[in-house]
Amino acid sequence: MTKHDPESAQSGSTAAEARLAELGYKQELPRSLSYFSILGLSFAIMAVPFGLSTTLSIGLTDGGPVTILWGWVLVTLISIAIAASLAEICSTYPTSGGVYYWSAMLSTPKYAPIASWVTGWLGLVGNWLITTSICFSGGQLILSAISLWDEEYVPKPWQIVLMYWAVLLVALAVNIWGAKYLDQLNTACVYWTGASVIILLITLLVMAPNRRSASFVFGHYDASPSGWAPGWAFFVGLLQAAYTLTGYGMVAAMCEEVQNPEREVPRAMVMSVVAAGVTGLFYLIPILFVLPDIQELLSVATGQPAPLLFKLVTGSAGGGFGLLFLILGILFFAGVGALTASSRCAWAFARDGAIPGWKWWAKANKRYDIPLNALFLSTVFCGLLGLIYLGSSAAFNAFTGVGTICLSASYAFPIFVSLLRGRQAVRNASFSLGNTMGTILNVITCVWILLAIVLFTMPTAIPVTKTSMNYASVLFAFFGVGQVWTGEQAHRTTPPPWRPRPTPSISVCNRNAPRSIFESPPSSINAHCPPP
């Protein structure tokens with residue numbers, strides 16, 4: 001890391017505040033986060049070893065090593081394309097509004113309100129569900145440690161919910177009283193994760209009583225546990241990688257706490273995905289080389305095969321817990337980071353009046369220099385979702401898929417609109433992909449997300465029972481209906497409180513910008529041109 005320069009930091013902060021004012025907002029939060037901190041935050045939310053461990057059963061069910069390893073490589077490459085596409089737009093509009101603000105500014109004035117409304121709620125719900133999924137999976141993983149000593153132990157639903165709330169409250173406490181240390185915390189996450197992967201790699205390879213062949217690790221494929229056709233099972237199994245590699249776009253909500261956000265946040269987005277991809281390979285390859293019997297792992301009572309895997313490889317419950325503790329440390333960073341990003345997302349959306357009671361949620365607390373009310377809103381909402389598990393564990397487990405779907409759809413909206421309008425708004429972006437490469441990456445992004453929305457509503461195995469059913473499509477439709485209802489309520493106010501700021505933010509005049517099916521005069525791009 002480079003040495004902190006107070007003078008350059010001050011000038012960067014001043015320029016960022018001026019740019020934020022151009023986008024229609026005033027500076028309310030301190031710009032105390034660095035590039036490395038944002039990279040660490042994005043890396044923390046993805047929490048590669050933790051995410052891959054808690055979803056290991058998906059990959060083992062839907063193809064085994066080929067799905068786990070090569071699916072990870074495929075989704076990493078696609079995620080880099082998505083992150084680069086988002087980064088390009090973020091460098092043009094560096095505000096905490098993120099995807100919903102981008103959709104508004106990239107759309108024509110006629111469609112800007114509905115584009116921002118839909119994108120904003122998809123993003124916010126996605127943020128909340130990913131935070132819920134991380135903390136809940138963490139609670140399950142903590143309780144699964146007991147099974148290292150008692151293989152018959154199966155936690156009761158109320159025990160899981162209580163542990164989930166405990167994890168969520170720890171994340172809340174750190175976000176309040178440790179807010180001024182978030183920079184150091186995000187940085188520590190990178191070092192903890194790197195050290196953990198190295199320790200796991202060495203320990204597993206050294207202590208394993210048996211090792212698989214290279215042909216097994218890189219070429220074994222068995223989709224029979226899933227019941228799906230072999231080719232389709234591979235795609236369904238991509239949920240393991242896609243769930244892990246999702247949260248990088250959430251860090252856009254931190255733009256107003258970073259100096260030079262138009263440069264630092266886009267770089268952090270892309271580099272965090274690259275780092276996560278490499279980290280995943282260093283974690284997965286040793287796991288696959290020492291992989292015990294797959295059926296034994298899939299039959300574990302807690303539904304979490306990672307602790308049993310560590311125990312079988314090390315030969316003791318204590319050794320297994322030692323490795324599991326490293327993963328739980330990553331969980332800590334992931335829970336804190338996800339709640340941080342979710343609270344900023346809720347705060348920004350409330351600031352534009354898009355959430356009921358928005359005046360309350362949009363307040364920034366001067367004592368802690370954080371959006372405290374939005375932080376409480378995010379925590380309470382996520383906490384209440386945990387109650388669903390008491391009624392139906394299958395319905396609650398669908399949150400993994402729904403969170404991935406919502407976030408992915410919110411990423412696709414501004415990228416798709418930018419494509420429709422000929423990428424005119426990002427042609428001079430400070431993080432530019434170039435017209436040809438940018439178009440290719442944007443198309444890959446939109447096609448993949450469209451496919452992913454279908455894939456992640458599929459059950460991981462068939463025949464389907466009420467416990468193995470994937471309720472992602474039902475929950476997605478439920479949130480969609482709720483979005484329409486809240487939109488109708490907000491639309492009755494005059495003027496709409498959620499209407500995006502009309503302040504121009506494109507410095508380039510292009511009178512020849514192509515008109516598309518989304519465009520209606522006056523163009524939101526050409527409107528910034530001076531009179532002829």
# chains A, B, ... in the order shown; residues from 1 in each chain; ligands from 1
>>> residues_around(residues="region 209-225 of chain A", least_positions_apart="4", cutoff="7 Å", atoms="only C-alpha atoms", output="PDB file with N, CA, C and O atoms, in the first residue's frame")
ATOM      1  N   THR A  61     -23.478 -32.628  -5.665  1.00  0.00           N
ATOM      2  CA  THR A  61     -24.704 -33.248  -6.186  1.00  0.00           C
ATOM      3  C   THR A  61     -24.783 -33.143  -7.701  1.00  0.00           C
ATOM      4  O   THR A  61     -25.152 -34.101  -8.388  1.00  0.00           O
ATOM      5  N   ASP A  62     -24.418 -32.006  -8.240  1.00  0.00           N
ATOM      6  CA  ASP A  62     -24.623 -31.725  -9.668  1.00  0.00           C
ATOM      7  C   ASP A  62     -23.346 -31.860 -10.489  1.00  0.00           C
ATOM      8  O   ASP A  62     -22.976 -30.958 -11.243  1.00  0.00           O
ATOM      9  N   GLY A  63     -22.679 -32.990 -10.364  1.00  0.00           N
ATOM     10  CA  GLY A  63     -21.555 -33.263 -11.249  1.00  0.00           C
ATOM     11  C   GLY A  63     -20.247 -33.555 -10.565  1.00  0.00           C
ATOM     12  O   GLY A  63     -19.347 -34.149 -11.154  1.00  0.00           O
ATOM     13  N   GLY A  64     -20.049 -33.089  -9.344  1.00  0.00           N
ATOM     14  CA  GLY A  64     -18.810 -33.372  -8.639  1.00  0.00           C
ATOM     15  C   GLY A  64     -17.659 -32.472  -9.072  1.00  0.00           C
ATOM     16  O   GLY A  64     -17.857 -31.292  -9.366  1.00  0.00           O
ATOM     17  N   PRO A  65     -16.441 -33.017  -9.142  1.00  0.00           N
ATOM     18  CA  PRO A  65     -15.250 -32.204  -9.393  1.00  0.00           C
ATOM     19  C   PRO A  65     -15.309 -31.323 -10.641  1.00  0.00           C
ATOM     20  O   PRO A  65     -14.875 -30.170 -10.610  1.00  0.00           O
ATOM     21  N   VAL A  66     -15.823 -31.826 -11.747  1.00  0.00           N
ATOM     22  CA  VAL A  66     -15.877 -31.021 -12.972  1.00  0.00           C
ATOM     23  C   VAL A  66     -16.745 -29.789 -12.772  1.00  0.00           C
ATOM     24  O   VAL A  66     -16.364 -28.665 -13.148  1.00  0.00           O
ATOM     25  N   PRO A 230     -27.041 -35.245 -17.584  1.00  0.00           N
ATOM     26  CA  PRO A 230     -25.661 -34.840 -17.275  1.00  0.00           C
ATOM     27  C   PRO A 230     -25.306 -33.407 -17.680  1.00  0.00           C
ATOM     28  O   PRO A 230     -24.714 -32.666 -16.899  1.00  0.00           O
ATOM     29  N   ALA A 233     -27.230 -30.791 -15.486  1.00  0.00           N
ATOM     30  CA  ALA A 233     -26.782 -30.794 -14.085  1.00  0.00           C
ATOM     31  C   ALA A 233     -25.581 -29.873 -13.891  1.00  0.00           C
ATOM     32  O   ALA A 233     -25.462 -29.198 -12.855  1.00  0.00           O
ATOM     33  N   LEU A 288     -10.367 -31.034  -3.635  1.00  0.00           N
ATOM     34  CA  LEU A 288     -10.724 -32.116  -4.546  1.00  0.00           C
ATOM     35  C   LEU A 288      -9.681 -33.237  -4.525  1.00  0.00           C
ATOM     36  O   LEU A 288     -10.026 -34.415  -4.697  1.00  0.00           O
ATOM     37  N   PHE A 289      -8.426 -32.911  -4.296  1.00  0.00           N
ATOM     38  CA  PHE A 289      -7.398 -33.951  -4.233  1.00  0.00           C
ATOM     39  C   PHE A 289      -7.552 -34.849  -3.002  1.00  0.00           C
ATOM     40  O   PHE A 289      -7.156 -36.015  -3.030  1.00  0.00           O
ATOM     41  N   VAL A 290      -8.123 -34.304  -1.935  1.00  0.00           N
ATOM     42  CA  VAL A 290      -8.275 -35.096  -0.704  1.00  0.00           C
ATOM     43  C   VAL A 290      -9.737 -35.448  -0.437  1.00  0.00           C
ATOM     44  O   VAL A 290     -10.085 -35.875   0.667  1.00  0.00           O
ATOM     45  N   VAL A 313     -10.175 -35.754   6.841  1.00  0.00           N
ATOM     46  CA  VAL A 313      -8.839 -35.554   6.276  1.00  0.00           C
ATOM     47  C   VAL A 313      -7.787 -35.432   7.373  1.00  0.00           C
ATOM     48  O   VAL A 313      -6.698 -36.018   7.276  1.00  0.00           O
TER      49      VAL A 313
END
>>> residues_around(residues="Leu162 (chain A)", least_positions_apart="5", cutoff="12 Å", atoms="only C-alpha atoms", output="ChimeraX atom specification")
/A:135-136,138-140,142-143,155-157,167-169,383-384,386-387,389-390
>>> residues_around(residues="Ala16 (chain A)", least_positions_apart="3", cutoff="9 Å", atoms="only C-alpha atoms", output="PyMOL selection string")
chain A and resi 11-13+19-21+27+31+94+256+258-262
>>> write_last_selection(atoms="N, CA and C atoms", output="PDB file, in the first residue's frame")
ATOM      1  N   SER A  11      -7.344  16.981  -1.479  1.00  0.00           N
ATOM      2  CA  SER A  11      -7.736  17.418  -2.821  1.00  0.00           C
ATOM      3  C   SER A  11      -8.649  16.396  -3.481  1.00  0.00           C
ATOM      4  N   GLY A  12      -8.357  15.084  -3.255  1.00  0.00           N
ATOM      5  CA  GLY A  12      -9.214  14.042  -3.817  1.00  0.00           C
ATOM      6  C   GLY A  12     -10.607  14.092  -3.237  1.00  0.00           C
ATOM      7  N   SER A  13     -10.687  14.355  -1.925  1.00  0.00           N
ATOM      8  CA  SER A  13     -11.980  14.438  -1.264  1.00  0.00           C
ATOM      9  C   SER A  13     -12.768  15.639  -1.763  1.00  0.00           C
ATOM     10  N   ARG A  19     -17.878  16.520  -7.529  1.00  0.00           N
ATOM     11  CA  ARG A  19     -18.495  15.616  -8.494  1.00  0.00           C
ATOM     12  C   ARG A  19     -19.831  15.093  -7.982  1.00  0.00           C
ATOM     13  N   LEU A  20     -19.892  14.812  -6.681  1.00  0.00           N
ATOM     14  CA  LEU A  20     -21.135  14.339  -6.084  1.00  0.00           C
ATOM     15  C   LEU A  20     -22.217  15.414  -6.181  1.00  0.00           C
ATOM     16  N   ALA A  21     -21.828  16.662  -5.986  1.00  0.00           N
ATOM     17  CA  ALA A  21     -22.785  17.766  -6.112  1.00  0.00           C
ATOM     18  C   ALA A  21     -23.325  17.851  -7.542  1.00  0.00           C
ATOM     19  N   GLN A  27     -22.429  15.899   0.280  1.00  0.00           N
ATOM     20  CA  GLN A  27     -21.586  14.975   1.032  1.00  0.00           C
ATOM     21  C   GLN A  27     -22.072  14.876   2.479  1.00  0.00           C
ATOM     22  N   ARG A  31     -15.144  10.545   3.821  1.00  0.00           N
ATOM     23  CA  ARG A  31     -14.438   9.761   2.800  1.00  0.00           C
ATOM     24  C   ARG A  31     -13.160   9.205   3.427  1.00  0.00           C
ATOM     25  N   PRO A  94     -20.168   7.967  -9.995  1.00  0.00           N
ATOM     26  CA  PRO A  94     -19.704   7.440  -8.705  1.00  0.00           C
ATOM     27  C   PRO A  94     -20.536   7.926  -7.518  1.00  0.00           C
ATOM     28  N   GLU A 256     -19.482   7.041  -1.839  1.00  0.00           N
ATOM     29  CA  GLU A 256     -19.431   8.338  -1.169  1.00  0.00           C
ATOM     30  C   GLU A 256     -18.595   8.322   0.110  1.00  0.00           C
ATOM     31  N   VAL A 258     -15.298   7.088  -0.283  1.00  0.00           N
ATOM     32  CA  VAL A 258     -13.993   6.818  -0.877  1.00  0.00           C
ATOM     33  C   VAL A 258     -13.470   8.076  -1.571  1.00  0.00           C
ATOM     34  N   GLN A 259     -12.189   8.334  -1.424  1.00  0.00           N
ATOM     35  CA  GLN A 259     -11.564   9.416  -2.178  1.00  0.00           C
ATOM     36  C   GLN A 259     -11.323   8.932  -3.611  1.00  0.00           C
ATOM     37  N   ASN A 260     -11.563   9.828  -4.574  1.00  0.00           N
ATOM     38  CA  ASN A 260     -11.423   9.470  -5.992  1.00  0.00           C
ATOM     39  C   ASN A 260     -12.215   8.215  -6.342  1.00  0.00           C
ATOM     40  N   PRO A 261     -13.517   8.178  -6.031  1.00  0.00           N
ATOM     41  CA  PRO A 261     -14.303   6.955  -6.239  1.00  0.00           C
ATOM     42  C   PRO A 261     -14.420   6.551  -7.703  1.00  0.00           C
ATOM     43  N   GLU A 262     -14.373   7.529  -8.614  1.00  0.00           N
ATOM     44  CA  GLU A 262     -14.496   7.192 -10.032  1.00  0.00           C
ATOM     45  C   GLU A 262     -13.310   6.360 -10.517  1.00  0.00           C
TER      46      GLU A 262
END
>>> residues_around(residues="region 175-190 of chain A", least_positions_apart="4", cutoff="7 Å", atoms="only C-alpha atoms", output="JSON, numbers by chain")
{"A": [33, 36, 37, 40, 41, 44, 171, 194, 333, 336, 340, 368]}
>>> closest_residue(among="A:Val73, A:Leu441, A:Cys446, A:Ala241", to="Ser85 (chain A)", atoms="only C-alpha atoms")
A:Leu441
>>> residues_around(residues="Thr379 (chain A)", least_positions_apart="5", cutoff="10 Å", atoms="only C-alpha atoms", output="PDB file with N, CA, C and O atoms, in the first residue's frame")
ATOM      1  N   TRP A 128     -30.115  -7.342   0.767  1.00  0.00           N
ATOM      2  CA  TRP A 128     -30.647  -7.882   2.022  1.00  0.00           C
ATOM      3  C   TRP A 128     -30.626  -9.414   2.042  1.00  0.00           C
ATOM      4  O   TRP A 128     -30.279 -10.029   3.057  1.00  0.00           O
ATOM      5  N   THR A 131     -27.051 -10.732   2.375  1.00  0.00           N
ATOM      6  CA  THR A 131     -26.631 -10.564   3.771  1.00  0.00           C
ATOM      7  C   THR A 131     -27.276 -11.629   4.652  1.00  0.00           C
ATOM      8  O   THR A 131     -26.612 -12.248   5.506  1.00  0.00           O
ATOM      9  N   THR A 132     -28.571 -11.858   4.450  1.00  0.00           N
ATOM     10  CA  THR A 132     -29.282 -12.896   5.196  1.00  0.00           C
ATOM     11  C   THR A 132     -28.658 -14.267   4.958  1.00  0.00           C
ATOM     12  O   THR A 132     -28.419 -15.037   5.899  1.00  0.00           O
ATOM     13  N   TRP A 165     -29.336 -15.023  14.401  1.00  0.00           N
ATOM     14  CA  TRP A 165     -29.505 -13.691  15.002  1.00  0.00           C
ATOM     15  C   TRP A 165     -28.237 -13.255  15.730  1.00  0.00           C
ATOM     16  O   TRP A 165     -27.881 -12.065  15.707  1.00  0.00           O
ATOM     17  N   LEU A 168     -25.831 -12.035  13.158  1.00  0.00           N
ATOM     18  CA  LEU A 168     -26.311 -10.757  12.631  1.00  0.00           C
ATOM     19  C   LEU A 168     -26.053  -9.627  13.621  1.00  0.00           C
ATOM     20  O   LEU A 168     -25.650  -8.512  13.237  1.00  0.00           O
ATOM     21  N   LEU A 169     -26.262  -9.899  14.905  1.00  0.00           N
ATOM     22  CA  LEU A 169     -26.039  -8.865  15.924  1.00  0.00           C
ATOM     23  C   LEU A 169     -24.552  -8.525  16.078  1.00  0.00           C
ATOM     24  O   LEU A 169     -24.204  -7.366  16.330  1.00  0.00           O
ATOM     25  N   ALA A 171     -22.410  -8.613  13.606  1.00  0.00           N
ATOM     26  CA  ALA A 171     -22.150  -7.760  12.437  1.00  0.00           C
ATOM     27  C   ALA A 171     -22.669  -6.349  12.666  1.00  0.00           C
ATOM     28  O   ALA A 171     -22.020  -5.359  12.292  1.00  0.00           O
ATOM     29  N   LEU A 172     -23.846  -6.235  13.296  1.00  0.00           N
ATOM     30  CA  LEU A 172     -24.418  -4.914  13.605  1.00  0.00           C
ATOM     31  C   LEU A 172     -23.524  -4.155  14.579  1.00  0.00           C
ATOM     32  O   LEU A 172     -23.235  -2.963  14.368  1.00  0.00           O
ATOM     33  N   LEU A 339     -23.421  -6.484   5.616  1.00  0.00           N
ATOM     34  CA  LEU A 339     -24.341  -5.578   6.302  1.00  0.00           C
ATOM     35  C   LEU A 339     -23.940  -4.119   6.068  1.00  0.00           C
ATOM     36  O   LEU A 339     -24.808  -3.246   5.944  1.00  0.00           O
ATOM     37  N   SER A 342     -25.173  -3.321   2.530  1.00  0.00           N
ATOM     38  CA  SER A 342     -26.640  -3.309   2.503  1.00  0.00           C
ATOM     39  C   SER A 342     -27.198  -2.040   3.134  1.00  0.00           C
ATOM     40  O   SER A 342     -28.159  -1.452   2.624  1.00  0.00           O
ATOM     41  N   SER A 343     -26.605  -1.615   4.240  1.00  0.00           N
ATOM     42  CA  SER A 343     -27.097  -0.413   4.918  1.00  0.00           C
ATOM     43  C   SER A 343     -26.882   0.830   4.062  1.00  0.00           C
ATOM     44  O   SER A 343     -27.728   1.717   4.012  1.00  0.00           O
ATOM     45  N   ASN A 373     -29.791   4.661  11.013  1.00  0.00           N
ATOM     46  CA  ASN A 373     -31.181   4.216  10.879  1.00  0.00           C
ATOM     47  C   ASN A 373     -31.312   3.169   9.773  1.00  0.00           C
ATOM     48  O   ASN A 373     -32.028   2.174   9.915  1.00  0.00           O
ATOM     49  N   ALA A 374     -30.628   3.401   8.649  1.00  0.00           N
ATOM     50  CA  ALA A 374     -30.662   2.426   7.552  1.00  0.00           C
ATOM     51  C   ALA A 374     -29.977   1.124   7.959  1.00  0.00           C
ATOM     52  O   ALA A 374     -30.366   0.034   7.520  1.00  0.00           O
ATOM     53  N   LEU A 384     -35.907 -10.556  10.637  1.00  0.00           N
ATOM     54  CA  LEU A 384     -37.283 -11.052  10.512  1.00  0.00           C
ATOM     55  C   LEU A 384     -37.388 -12.147   9.454  1.00  0.00           C
ATOM     56  O   LEU A 384     -38.199 -13.069   9.585  1.00  0.00           O
TER      57      LEU A 384
END
